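S.K.: Have a look at this one before I ask anything.
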Amino acid sequence: MCDTNKNILITEVALRDGSHAIRHQFTVEQVVNVVKALDEAKVPYIEVAHGDGLGGSTLQYGLSLTDEFELIEAAAATAKNSKIAVLSLPGIGLEKDLKQAASLGAKMARIATHVTEADVSPAYIELAKELGMETVGFLMMSHMAPTAKLVEQAKLMESYGADTVYVVDSAGALLPHEVTEKICALRDHLSVNIGFHGHNNLSLAMANTLAAIEVGATRIDGSMRCLGAGAGNTQTEVLVAVLDKLGIHTGIDIYKMMDAAENLVAPILEKPQEITRDSLVLGFAGVYSSFLLHAQRAAKRFNIDSRDILIELGKQHIVGGQEDMIVDVAAEIAKKKNVTIG
Ligand SMILES: CC[C@H](O)CC(=O)C(=O)O
Ligand SMILES: [Mn+2]
């Protein structure tokens, strides 16, 4: 049974994770309008950055339409109640980027590493703390590590000073009982807050989020209209309503949240966030959700089935930062199949 006395703090990630889905084309006007509405709805945290975090605007990850610092500055100037969060993957984001985000008003830093590579994060976590930011360790592709390994890595992030450690289901590959096992283990071994970030590739983002909350996660990510990579994230406005029905407090105004999703986010979507055969394969094969559009582009270029690329990426355990491998894998498949490139 859920402990209904707990307070859940939600981070709305459409303005960062959703950036993948719209090829990083956010405008200042869109960001300001969405932040204003979320601020009025009393959403505690709003993440703003390139989809791949600070510094992600490159040919490898996709160029942003608008400089992310312009978006962060505009978001921070608009938010009166909500805190602006940024994501940084050490190496893609630099320490100077974190300093700049803090100077523009970002109040939370989420330092993201592959689930077995927490040891690349101490300098960033320590810097974020020095900058006075609330600090989150974000363990991506959590399905790829056994629970004992995940606990070891989370404990490292805790030892570096993270206030919260997240289980991140980047591929939307986890099943509810696996989420329960992972969150329980973190709850039993950590003293800091525990968070969960889901993707809906197997239609399990909501079930996984509820499983996480049930056993102790108190920091939860969602994106309005599921605007996120792959099939998107746990749908925030739905989550707020479901938690209210469970008697769990988020402090968020449900009507205002619904209005923000309907009036401001729906028009931004290039197409509704559905579970298509490709996003289903992401969850099935355990592939990074942000690889979706890259794999679809490569499939077109090499005249092959995008599912074959995704399955092969899963087999080869290709992870974030190895986006260049997507084209290599596609070329290899085309060669093996003797496909004529148009
Ligand atoms: C490439 C960063 C990634 O999108 C972070 C994230 O949201 C995830 O791993 O799910
Ligand atoms: Mn994500």
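Numbering starts fresh at 1 for the residues of each chain in the structure tokens, the chains themselves are lettered A, B, ... in the order given, and ligands are numbered from 1 as they appear.
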Please identify which residues in range 37-210 of chain A DSSP calls helix (DSSP H, G or I) from the backbone, and express them as a PDB file with N, CA and C atoms, in the first residue's frame.
M.R.:
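What landed in result-v5.pdb:
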```pdb
ATOM      1  N   ALA A  37       3.321  29.084 -17.137  1.00  0.00           N
ATOM      2  CA  ALA A  37       2.154  28.256 -16.779  1.00  0.00           C
ATOM      3  C   ALA A  37       2.518  27.239 -15.693  1.00  0.00           C
ATOM      4  N   LEU A  38       3.684  26.640 -15.786  1.00  0.00           N
ATOM      5  CA  LEU A  38       4.094  25.648 -14.773  1.00  0.00           C
ATOM      6  C   LEU A  38       4.347  26.319 -13.431  1.00  0.00           C
ATOM      7  N   ASP A  39       4.893  27.527 -13.501  1.00  0.00           N
ATOM      8  CA  ASP A  39       5.149  28.289 -12.278  1.00  0.00           C
ATOM      9  C   ASP A  39       3.821  28.591 -11.573  1.00  0.00           C
ATOM     10  N   GLU A  40       2.825  28.993 -12.370  1.00  0.00           N
ATOM     11  CA  GLU A  40       1.503  29.278 -11.787  1.00  0.00           C
ATOM     12  C   GLU A  40       0.854  28.003 -11.243  1.00  0.00           C
ATOM     13  N   GLU A  68      20.989  27.390 -25.511  1.00  0.00           N
ATOM     14  CA  GLU A  68      20.305  26.927 -24.294  1.00  0.00           C
ATOM     15  C   GLU A  68      20.447  27.919 -23.144  1.00  0.00           C
ATOM     16  N   PHE A  69      21.525  28.703 -23.128  1.00  0.00           N
ATOM     17  CA  PHE A  69      21.676  29.666 -22.039  1.00  0.00           C
ATOM     18  C   PHE A  69      20.641  30.784 -22.157  1.00  0.00           C
ATOM     19  N   GLU A  70      20.270  31.104 -23.392  1.00  0.00           N
ATOM     20  CA  GLU A  70      19.194  32.091 -23.588  1.00  0.00           C
ATOM     21  C   GLU A  70      17.887  31.529 -23.020  1.00  0.00           C
ATOM     22  N   LEU A  71      17.671  30.227 -23.259  1.00  0.00           N
ATOM     23  CA  LEU A  71      16.439  29.589 -22.757  1.00  0.00           C
ATOM     24  C   LEU A  71      16.459  29.523 -21.233  1.00  0.00           C
ATOM     25  N   ILE A  72      17.612  29.177 -20.666  1.00  0.00           N
ATOM     26  CA  ILE A  72      17.721  29.050 -19.202  1.00  0.00           C
ATOM     27  C   ILE A  72      17.519  30.422 -18.550  1.00  0.00           C
ATOM     28  N   GLU A  73      18.136  31.426 -19.136  1.00  0.00           N
ATOM     29  CA  GLU A  73      18.012  32.781 -18.579  1.00  0.00           C
ATOM     30  C   GLU A  73      16.553  33.240 -18.607  1.00  0.00           C
ATOM     31  N   ALA A  74      15.896  33.003 -19.752  1.00  0.00           N
ATOM     32  CA  ALA A  74      14.487  33.424 -19.884  1.00  0.00           C
ATOM     33  C   ALA A  74      13.615  32.636 -18.901  1.00  0.00           C
ATOM     34  N   ALA A  75      13.904  31.347 -18.750  1.00  0.00           N
ATOM     35  CA  ALA A  75      13.114  30.514 -17.825  1.00  0.00           C
ATOM     36  C   ALA A  75      13.285  31.002 -16.392  1.00  0.00           C
ATOM     37  N   ALA A  76      14.537  31.263 -16.002  1.00  0.00           N
ATOM     38  CA  ALA A  76      14.807  31.671 -14.620  1.00  0.00           C
ATOM     39  C   ALA A  76      14.183  33.045 -14.337  1.00  0.00           C
ATOM     40  N   ALA A  77      14.184  33.915 -15.351  1.00  0.00           N
ATOM     41  CA  ALA A  77      13.595  35.249 -15.145  1.00  0.00           C
ATOM     42  C   ALA A  77      12.076  35.159 -15.041  1.00  0.00           C
ATOM     43  N   THR A  78      11.487  34.108 -15.601  1.00  0.00           N
ATOM     44  CA  THR A  78      10.018  33.966 -15.605  1.00  0.00           C
ATOM     45  C   THR A  78       9.513  33.280 -14.338  1.00  0.00           C
ATOM     46  N   GLU A  95      32.460  22.224 -16.921  1.00  0.00           N
ATOM     47  CA  GLU A  95      32.250  22.888 -15.626  1.00  0.00           C
ATOM     48  C   GLU A  95      31.848  24.351 -15.837  1.00  0.00           C
ATOM     49  N   LYS A  96      32.419  24.987 -16.871  1.00  0.00           N
ATOM     50  CA  LYS A  96      32.069  26.400 -17.115  1.00  0.00           C
ATOM     51  C   LYS A  96      30.589  26.547 -17.497  1.00  0.00           C
ATOM     52  N   ASP A  97      30.030  25.518 -18.131  1.00  0.00           N
ATOM     53  CA  ASP A  97      28.601  25.575 -18.498  1.00  0.00           C
ATOM     54  C   ASP A  97      27.729  25.573 -17.242  1.00  0.00           C
ATOM     55  N   LEU A  98      28.144  24.746 -16.270  1.00  0.00           N
ATOM     56  CA  LEU A  98      27.390  24.671 -15.016  1.00  0.00           C
ATOM     57  C   LEU A  98      27.451  26.024 -14.293  1.00  0.00           C
ATOM     58  N   LYS A  99      28.649  26.625 -14.321  1.00  0.00           N
ATOM     59  CA  LYS A  99      28.800  27.943 -13.668  1.00  0.00           C
ATOM     60  C   LYS A  99      27.905  28.967 -14.352  1.00  0.00           C
ATOM     61  N   GLN A 100      27.880  28.900 -15.695  1.00  0.00           N
ATOM     62  CA  GLN A 100      27.059  29.874 -16.427  1.00  0.00           C
ATOM     63  C   GLN A 100      25.577  29.663 -16.132  1.00  0.00           C
ATOM     64  N   ALA A 101      25.155  28.386 -16.085  1.00  0.00           N
ATOM     65  CA  ALA A 101      23.740  28.103 -15.794  1.00  0.00           C
ATOM     66  C   ALA A 101      23.378  28.634 -14.408  1.00  0.00           C
ATOM     67  N   ALA A 102      24.279  28.439 -13.440  1.00  0.00           N
ATOM     68  CA  ALA A 102      24.009  28.919 -12.076  1.00  0.00           C
ATOM     69  C   ALA A 102      23.937  30.445 -12.069  1.00  0.00           C
ATOM     70  N   SER A 103      24.838  31.076 -12.815  1.00  0.00           N
ATOM     71  CA  SER A 103      24.841  32.549 -12.802  1.00  0.00           C
ATOM     72  C   SER A 103      23.587  33.109 -13.473  1.00  0.00           C
ATOM     73  N   ALA A 118      29.477   6.364 -12.366  1.00  0.00           N
ATOM     74  CA  ALA A 118      29.302   7.465 -11.403  1.00  0.00           C
ATOM     75  C   ALA A 118      30.633   8.154 -11.100  1.00  0.00           C
ATOM     76  N   ASP A 119      31.731   7.416 -11.269  1.00  0.00           N
ATOM     77  CA  ASP A 119      33.027   8.002 -10.904  1.00  0.00           C
ATOM     78  C   ASP A 119      33.482   9.135 -11.822  1.00  0.00           C
ATOM     79  N   VAL A 120      32.698   9.449 -12.871  1.00  0.00           N
ATOM     80  CA  VAL A 120      33.064  10.645 -13.662  1.00  0.00           C
ATOM     81  C   VAL A 120      32.353  11.896 -13.115  1.00  0.00           C
ATOM     82  N   PRO A 122      32.236  13.264  -9.643  1.00  0.00           N
ATOM     83  CA  PRO A 122      32.490  14.005  -8.396  1.00  0.00           C
ATOM     84  C   PRO A 122      32.788  15.490  -8.603  1.00  0.00           C
ATOM     85  N   ALA A 123      33.603  15.829  -9.602  1.00  0.00           N
ATOM     86  CA  ALA A 123      33.960  17.250  -9.770  1.00  0.00           C
ATOM     87  C   ALA A 123      32.716  18.080 -10.058  1.00  0.00           C
ATOM     88  N   TYR A 124      31.787  17.501 -10.819  1.00  0.00           N
ATOM     89  CA  TYR A 124      30.573  18.245 -11.206  1.00  0.00           C
ATOM     90  C   TYR A 124      29.620  18.367 -10.020  1.00  0.00           C
ATOM     91  N   ILE A 125      29.491  17.276  -9.254  1.00  0.00           N
ATOM     92  CA  ILE A 125      28.595  17.324  -8.088  1.00  0.00           C
ATOM     93  C   ILE A 125      29.152  18.317  -7.062  1.00  0.00           C
ATOM     94  N   GLU A 126      30.463  18.244  -6.848  1.00  0.00           N
ATOM     95  CA  GLU A 126      31.066  19.170  -5.870  1.00  0.00           C
ATOM     96  C   GLU A 126      30.937  20.616  -6.339  1.00  0.00           C
ATOM     97  N   LEU A 127      31.166  20.850  -7.638  1.00  0.00           N
ATOM     98  CA  LEU A 127      31.035  22.217  -8.162  1.00  0.00           C
ATOM     99  C   LEU A 127      29.604  22.721  -7.983  1.00  0.00           C
ATOM    100  N   ALA A 128      28.637  21.877  -8.314  1.00  0.00           N
ATOM    101  CA  ALA A 128      27.232  22.302  -8.195  1.00  0.00           C
ATOM    102  C   ALA A 128      26.927  22.686  -6.744  1.00  0.00           C
ATOM    103  N   LYS A 129      27.439  21.904  -5.808  1.00  0.00           N
ATOM    104  CA  LYS A 129      27.216  22.222  -4.392  1.00  0.00           C
ATOM    105  C   LYS A 129      27.872  23.569  -4.045  1.00  0.00           C
ATOM    106  N   GLU A 130      29.111  23.758  -4.539  1.00  0.00           N
ATOM    107  CA  GLU A 130      29.808  25.035  -4.265  1.00  0.00           C
ATOM    108  C   GLU A 130      29.027  26.218  -4.827  1.00  0.00           C
ATOM    109  N   SER A 142      19.601   2.605 -16.227  1.00  0.00           N
ATOM    110  CA  SER A 142      19.653   1.808 -14.986  1.00  0.00           C
ATOM    111  C   SER A 142      19.306   0.344 -15.217  1.00  0.00           C
ATOM    112  N   HIS A 143      18.615   0.036 -16.324  1.00  0.00           N
ATOM    113  CA  HIS A 143      18.283  -1.378 -16.568  1.00  0.00           C
ATOM    114  C   HIS A 143      19.529  -2.213 -16.871  1.00  0.00           C
ATOM    115  N   MET A 144      20.648  -1.528 -17.223  1.00  0.00           N
ATOM    116  CA  MET A 144      21.839  -2.269 -17.661  1.00  0.00           C
ATOM    117  C   MET A 144      22.706  -2.760 -16.501  1.00  0.00           C
ATOM    118  N   THR A 147      21.169  -4.839  -9.562  1.00  0.00           N
ATOM    119  CA  THR A 147      20.818  -3.927  -8.467  1.00  0.00           C
ATOM    120  C   THR A 147      22.009  -3.627  -7.554  1.00  0.00           C
ATOM    121  N   ALA A 148      22.831  -4.620  -7.269  1.00  0.00           N
ATOM    122  CA  ALA A 148      23.976  -4.380  -6.368  1.00  0.00           C
ATOM    123  C   ALA A 148      24.920  -3.329  -6.962  1.00  0.00           C
ATOM    124  N   LYS A 149      25.112  -3.380  -8.282  1.00  0.00           N
ATOM    125  CA  LYS A 149      25.979  -2.407  -8.958  1.00  0.00           C
ATOM    126  C   LYS A 149      25.350  -1.007  -8.887  1.00  0.00           C
ATOM    127  N   LEU A 150      24.044  -0.963  -9.115  1.00  0.00           N
ATOM    128  CA  LEU A 150      23.338   0.320  -9.049  1.00  0.00           C
ATOM    129  C   LEU A 150      23.505   0.946  -7.656  1.00  0.00           C
ATOM    130  N   VAL A 151      23.369   0.128  -6.623  1.00  0.00           N
ATOM    131  CA  VAL A 151      23.510   0.633  -5.251  1.00  0.00           C
ATOM    132  C   VAL A 151      24.929   1.168  -5.045  1.00  0.00           C
ATOM    133  N   GLU A 152      25.911   0.421  -5.520  1.00  0.00           N
ATOM    134  CA  GLU A 152      27.318   0.854  -5.375  1.00  0.00           C
ATOM    135  C   GLU A 152      27.518   2.231  -6.026  1.00  0.00           C
ATOM    136  N   GLN A 153      26.975   2.387  -7.239  1.00  0.00           N
ATOM    137  CA  GLN A 153      27.142   3.639  -7.985  1.00  0.00           C
ATOM    138  C   GLN A 153      26.370   4.793  -7.331  1.00  0.00           C
ATOM    139  N   ALA A 154      25.188   4.472  -6.827  1.00  0.00           N
ATOM    140  CA  ALA A 154      24.386   5.507  -6.145  1.00  0.00           C
ATOM    141  C   ALA A 154      25.093   5.960  -4.873  1.00  0.00           C
ATOM    142  N   LYS A 155      25.713   5.015  -4.183  1.00  0.00           N
ATOM    143  CA  LYS A 155      26.430   5.372  -2.956  1.00  0.00           C
ATOM    144  C   LYS A 155      27.630   6.277  -3.263  1.00  0.00           C
ATOM    145  N   LEU A 156      28.254   6.034  -4.431  1.00  0.00           N
ATOM    146  CA  LEU A 156      29.343   6.931  -4.829  1.00  0.00           C
ATOM    147  C   LEU A 156      28.805   8.355  -4.996  1.00  0.00           C
ATOM    148  N   MET A 157      27.680   8.468  -5.704  1.00  0.00           N
ATOM    149  CA  MET A 157      27.123   9.815  -5.920  1.00  0.00           C
ATOM    150  C   MET A 157      26.747  10.464  -4.593  1.00  0.00           C
ATOM    151  N   GLU A 158      26.197   9.673  -3.699  1.00  0.00           N
ATOM    152  CA  GLU A 158      25.863  10.201  -2.361  1.00  0.00           C
ATOM    153  C   GLU A 158      27.143  10.681  -1.669  1.00  0.00           C
ATOM    154  N   SER A 159      28.220   9.889  -1.794  1.00  0.00           N
ATOM    155  CA  SER A 159      29.467  10.268  -1.109  1.00  0.00           C
ATOM    156  C   SER A 159      30.069  11.542  -1.707  1.00  0.00           C
ATOM    157  N   TYR A 160      29.771  11.825  -2.987  1.00  0.00           N
ATOM    158  CA  TYR A 160      30.287  13.061  -3.596  1.00  0.00           C
ATOM    159  C   TYR A 160      29.471  14.289  -3.166  1.00  0.00           C
ATOM    160  N   PRO A 176       7.859  -3.170 -13.814  1.00  0.00           N
ATOM    161  CA  PRO A 176       7.555  -2.648 -12.474  1.00  0.00           C
ATOM    162  C   PRO A 176       8.251  -3.386 -11.322  1.00  0.00           C
ATOM    163  N   HIS A 177       8.348  -4.732 -11.405  1.00  0.00           N
ATOM    164  CA  HIS A 177       8.989  -5.426 -10.275  1.00  0.00           C
ATOM    165  C   HIS A 177      10.481  -5.114 -10.200  1.00  0.00           C
ATOM    166  N   GLU A 178      11.068  -4.767 -11.358  1.00  0.00           N
ATOM    167  CA  GLU A 178      12.496  -4.397 -11.335  1.00  0.00           C
ATOM    168  C   GLU A 178      12.676  -3.003 -10.720  1.00  0.00           C
ATOM    169  N   VAL A 179      11.737  -2.114 -11.017  1.00  0.00           N
ATOM    170  CA  VAL A 179      11.790  -0.777 -10.410  1.00  0.00           C
ATOM    171  C   VAL A 179      11.647  -0.925  -8.895  1.00  0.00           C
ATOM    172  N   THR A 180      10.699  -1.741  -8.477  1.00  0.00           N
ATOM    173  CA  THR A 180      10.491  -1.955  -7.039  1.00  0.00           C
ATOM    174  C   THR A 180      11.788  -2.444  -6.393  1.00  0.00           C
ATOM    175  N   GLU A 181      12.411  -3.426  -7.032  1.00  0.00           N
ATOM    176  CA  GLU A 181      13.647  -3.992  -6.448  1.00  0.00           C
ATOM    177  C   GLU A 181      14.744  -2.929  -6.346  1.00  0.00           C
ATOM    178  N   LYS A 182      14.895  -2.132  -7.418  1.00  0.00           N
ATOM    179  CA  LYS A 182      15.992  -1.153  -7.442  1.00  0.00           C
ATOM    180  C   LYS A 182      15.750  -0.033  -6.428  1.00  0.00           C
ATOM    181  N   ILE A 183      14.517   0.472  -6.400  1.00  0.00           N
ATOM    182  CA  ILE A 183      14.241   1.582  -5.473  1.00  0.00           C
ATOM    183  C   ILE A 183      14.321   1.092  -4.019  1.00  0.00           C
ATOM    184  N   CYS A 184      13.803  -0.100  -3.752  1.00  0.00           N
ATOM    185  CA  CYS A 184      13.897  -0.654  -2.382  1.00  0.00           C
ATOM    186  C   CYS A 184      15.354  -0.735  -1.945  1.00  0.00           C
ATOM    187  N   ALA A 185      16.207  -1.219  -2.856  1.00  0.00           N
ATOM    188  CA  ALA A 185      17.627  -1.383  -2.506  1.00  0.00           C
ATOM    189  C   ALA A 185      18.262  -0.018  -2.215  1.00  0.00           C
ATOM    190  N   LEU A 186      17.921   0.974  -3.027  1.00  0.00           N
ATOM    191  CA  LEU A 186      18.496   2.312  -2.770  1.00  0.00           C
ATOM    192  C   LEU A 186      17.966   2.853  -1.439  1.00  0.00           C
ATOM    193  N   ARG A 187      16.678   2.668  -1.229  1.00  0.00           N
ATOM    194  CA  ARG A 187      16.068   3.143   0.027  1.00  0.00           C
ATOM    195  C   ARG A 187      16.776   2.509   1.230  1.00  0.00           C
ATOM    196  N   ASP A 188      17.129   1.250   1.105  1.00  0.00           N
ATOM    197  CA  ASP A 188      17.743   0.554   2.238  1.00  0.00           C
ATOM    198  C   ASP A 188      19.221   0.901   2.433  1.00  0.00           C
ATOM    199  N   HIS A 189      19.864   1.415   1.394  1.00  0.00           N
ATOM    200  CA  HIS A 189      21.316   1.651   1.505  1.00  0.00           C
ATOM    201  C   HIS A 189      21.723   3.123   1.461  1.00  0.00           C
ATOM    202  N   ALA A 205       5.584   3.593 -18.150  1.00  0.00           N
ATOM    203  CA  ALA A 205       6.137   4.728 -17.401  1.00  0.00           C
ATOM    204  C   ALA A 205       5.302   5.029 -16.152  1.00  0.00           C
ATOM    205  N   MET A 206       3.989   5.040 -16.293  1.00  0.00           N
ATOM    206  CA  MET A 206       3.137   5.352 -15.135  1.00  0.00           C
ATOM    207  C   MET A 206       3.211   4.233 -14.097  1.00  0.00           C
ATOM    208  N   ALA A 207       3.109   2.978 -14.562  1.00  0.00           N
ATOM    209  CA  ALA A 207       3.159   1.846 -13.618  1.00  0.00           C
ATOM    210  C   ALA A 207       4.500   1.835 -12.890  1.00  0.00           C
ATOM    211  N   ASN A 208       5.572   2.084 -13.622  1.00  0.00           N
ATOM    212  CA  ASN A 208       6.901   2.088 -12.996  1.00  0.00           C
ATOM    213  C   ASN A 208       7.038   3.233 -11.996  1.00  0.00           C
ATOM    214  N   THR A 209       6.475   4.384 -12.366  1.00  0.00           N
ATOM    215  CA  THR A 209       6.554   5.544 -11.470  1.00  0.00           C
ATOM    216  C   THR A 209       5.797   5.261 -10.173  1.00  0.00           C
ATOM    217  N   LEU A 210       4.616   4.664 -10.298  1.00  0.00           N
ATOM    218  CA  LEU A 210       3.837   4.347  -9.092  1.00  0.00           C
ATOM    219  C   LEU A 210       4.553   3.289  -8.252  1.00  0.00           C
TER     220      LEU A 210
END
```
S.K.: Please extract the residues of range 72-313 of chain A with a backbone DSSP assignment of strand (DSSP E or B) and present them as a ChimeraX atom specification.
M.R.: /A:83-88,90,93,108-114,134-140,164-168,193-197,199,219-223,233,235,249
S.K.: To check your reading of the model: which residues sit at most 12 Å from ligand 2 when counting only C-alpha atoms and all ligand atoms? Write the answer as a ChimeraX atom specification.
M.R.: /A:11-21,47,50-53,87,112,138-142,166-173,196-201,205,220-223,226-234,287-291,320
S.K.: Return the single residue from A:Gln316, A:Thr164, A:Asn263, A:Gln60 that is closest to ligand 1, with distances computed using only C-alpha atoms and all ligand atoms.
M.R.: A:Gln60
S.K.: Just the residues within 8 Å of Leu280 in chain A, please, counting only C-alpha atoms, with nothing from its chain fewer than 3 positions along; format it as a list of chain:residue names.
M.R.: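 In the requested form, the answer reads A:Asn201, A:Leu202, A:Ala231, A:Ile275, A:Thr276, A:Arg277, A:Gly283, A:Phe284.
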S.K.: Restricting it to C-alpha atoms, dump the selection as an mmCIF file, in the first residue's frame.
M.R.:
```cif
data_model
loop_
_atom_site.group_PDB
_atom_site.id
_atom_site.type_symbol
_atom_site.label_atom_id
_atom_site.label_comp_id
_atom_site.auth_asym_id
_atom_site.auth_seq_id
_atom_site.Cartn_x
_atom_site.Cartn_y
_atom_site.Cartn_z
ATOM 1 C CA ASN A 201 8.385 2.762 -24.614
ATOM 2 C CA LEU A 202 6.716 -0.340 -23.134
ATOM 3 C CA ALA A 231 7.643 7.385 -26.567
ATOM 4 C CA ILE A 275 4.254 4.083 -28.830
ATOM 5 C CA THR A 276 5.231 3.368 -32.413
ATOM 6 C CA ARG A 277 6.944 0.147 -33.508
ATOM 7 C CA GLY A 283 12.066 -0.578 -24.680
ATOM 8 C CA PHE A 284 12.161 -4.155 -25.927
#
```
S.K.: Rank nothing, just name the residue among A:Arg225, A:Lys6, A:Arg307, A:His24 nearest to ligand 1, using only C-alpha atoms and all ligand atoms.
M.R.: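 Nearest candidate to ligand 1 out of A:Arg225, A:Lys6, A:Arg307, A:His24: A:His24.
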